[in-house]
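Following: one structure in structure tokens, then a few remarks.
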Amino acid sequence: QVQLVESGGGLAQAGGSLRLSCAASGDTIRISRMGWYRQAPGKERELVAVVTSDGSTTYRDSVKGRFTISRDNAKNTVYLQMNSLKPEDTAVYYCKAVLWNIDYWGKGTLVTVSS
């Protein structure tokens with residue numbers, strides 16, 4: 001099993017930046033990929049960015065060029081650097097790890113972007 005703890009959320013102004021962190025513990029060596037998802041009020045949870053164990057990344061179109069996902073395997077931590085934030089980025093951001101095709105989720109961290 002894997003436990004995930006997110007941090008780094010908060011309030012930012014439009015155009016500002018935030019960096020989210022997700023620290024994994026437990027059977028971390030077997031994690032195949034990690035990612036960030038978000039859920040805005042009244043909307044479904046959506047993929048933001050994913051990084052695989054070999055470093056390959058995938059982003060949703062609306063964050064390309066603004067967000068960067070990275071992974072520090074030595075620290076068992078994945079980061080999401082968010083630049084040029086927009087009000088529509090406001091959501092609860094969740095970290096997910098995939099282990100043996102099982103999804104593990106963190107509890108989420110709130111990001112609020114004011115206009």
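Following the order of the structure tokens, first chain is A, next is B, and so on, with residues numbered from 1 inside each chain and ligands from 1 in the order they appear.
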(request) Please identify which residues in segment 59-102 of chain A DSSP calls helix (DSSP H, G or I) from the backbone, and express them as a list in words. (result)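 In segment 59-102 of chain A, DSSP puts these residues in helix (DSSP H, G or I): Asp61, Ser62, Val63, Pro87, Glu88 and Asp89 of chain A.
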Report as a tab-separated table the residues of segment 80-113 of chain A within 7 Å of segment 21-41 of chain A, each with its shortest atom pair and distance in Å (one decimal), using only C-alpha atoms, ordered by chain and increasing residue number.
residue	atom	partner	partner_atom	distance
A:Leu80	CA	A:Ser21	CA	6.5
A:Thr90	CA	A:Ala40	CA	6.5
A:Ala91	CA	A:Ala40	CA	4.2
A:Val92	CA	A:Gln39	CA	5.3
A:Tyr93	CA	A:Arg38	CA	4.2
A:Tyr94	CA	A:Tyr37	CA	5.1
A:Cys95	CA	A:Trp36	CA	4.7
A:Lys96	CA	A:Gly35	CA	5.2
A:Ala97	CA	A:Met34	CA	4.4
A:Val98	CA	A:Arg33	CA	5.5
A:Leu99	CA	A:Ile31	CA	4.7
(request) List every residue of segment 14-113 of chain A that DSSP, applied to the backbone of this structure, places in strand (DSSP E), and write the result as a ChimeraX atom specification. (result) /A:18-26,31-39,46-52,57-59,67-72,77-82,91-99,102-105,109-113
(request) Name the residues in contact with Arg71 of chain A at a cut-off of 8 Å, using only C-alpha atoms, excluding same-chain residues fewer than 4 positions from it; report them as a list in words. (result) Val51, Gly55, Asn76, Thr77, Val78 and Tyr79 of chain A
Within 9 Å of segment 14-19 of chain A: each segment 32-110 of chain A residue with its shortest pair, only C-alpha atoms, as a Markdown table:
| residue | atom | partner | partner_atom | distance |
| --- | --- | --- | --- | --- |
| A:Tyr79 | CA | A:Arg19 | CA | 6.8 |
| A:Leu80 | CA | A:Arg19 | CA | 5.6 |
| A:Gln81 | CA | A:Arg19 | CA | 4.4 |
| A:Met82 | CA | A:Leu18 | CA | 5.3 |
| A:Asn83 | CA | A:Ser17 | CA | 4.4 |
| A:Ser84 | CA | A:Gly15 | CA | 4.1 |
| A:Leu85 | CA | A:Gly15 | CA | 4.8 |
| A:Lys86 | CA | A:Ala14 | CA | 5.0 |
| A:Pro87 | CA | A:Ala14 | CA | 6.2 |
(request) Go through A:Leu47, A:Ile102, A:Leu20, A:Leu110 and flag the residue nearest Thr68 of chain A, using only C-alpha atoms for the distances. (result)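 Residue with the minimum atom-to-atom distance to Thr68 of chain A: A:Leu20.
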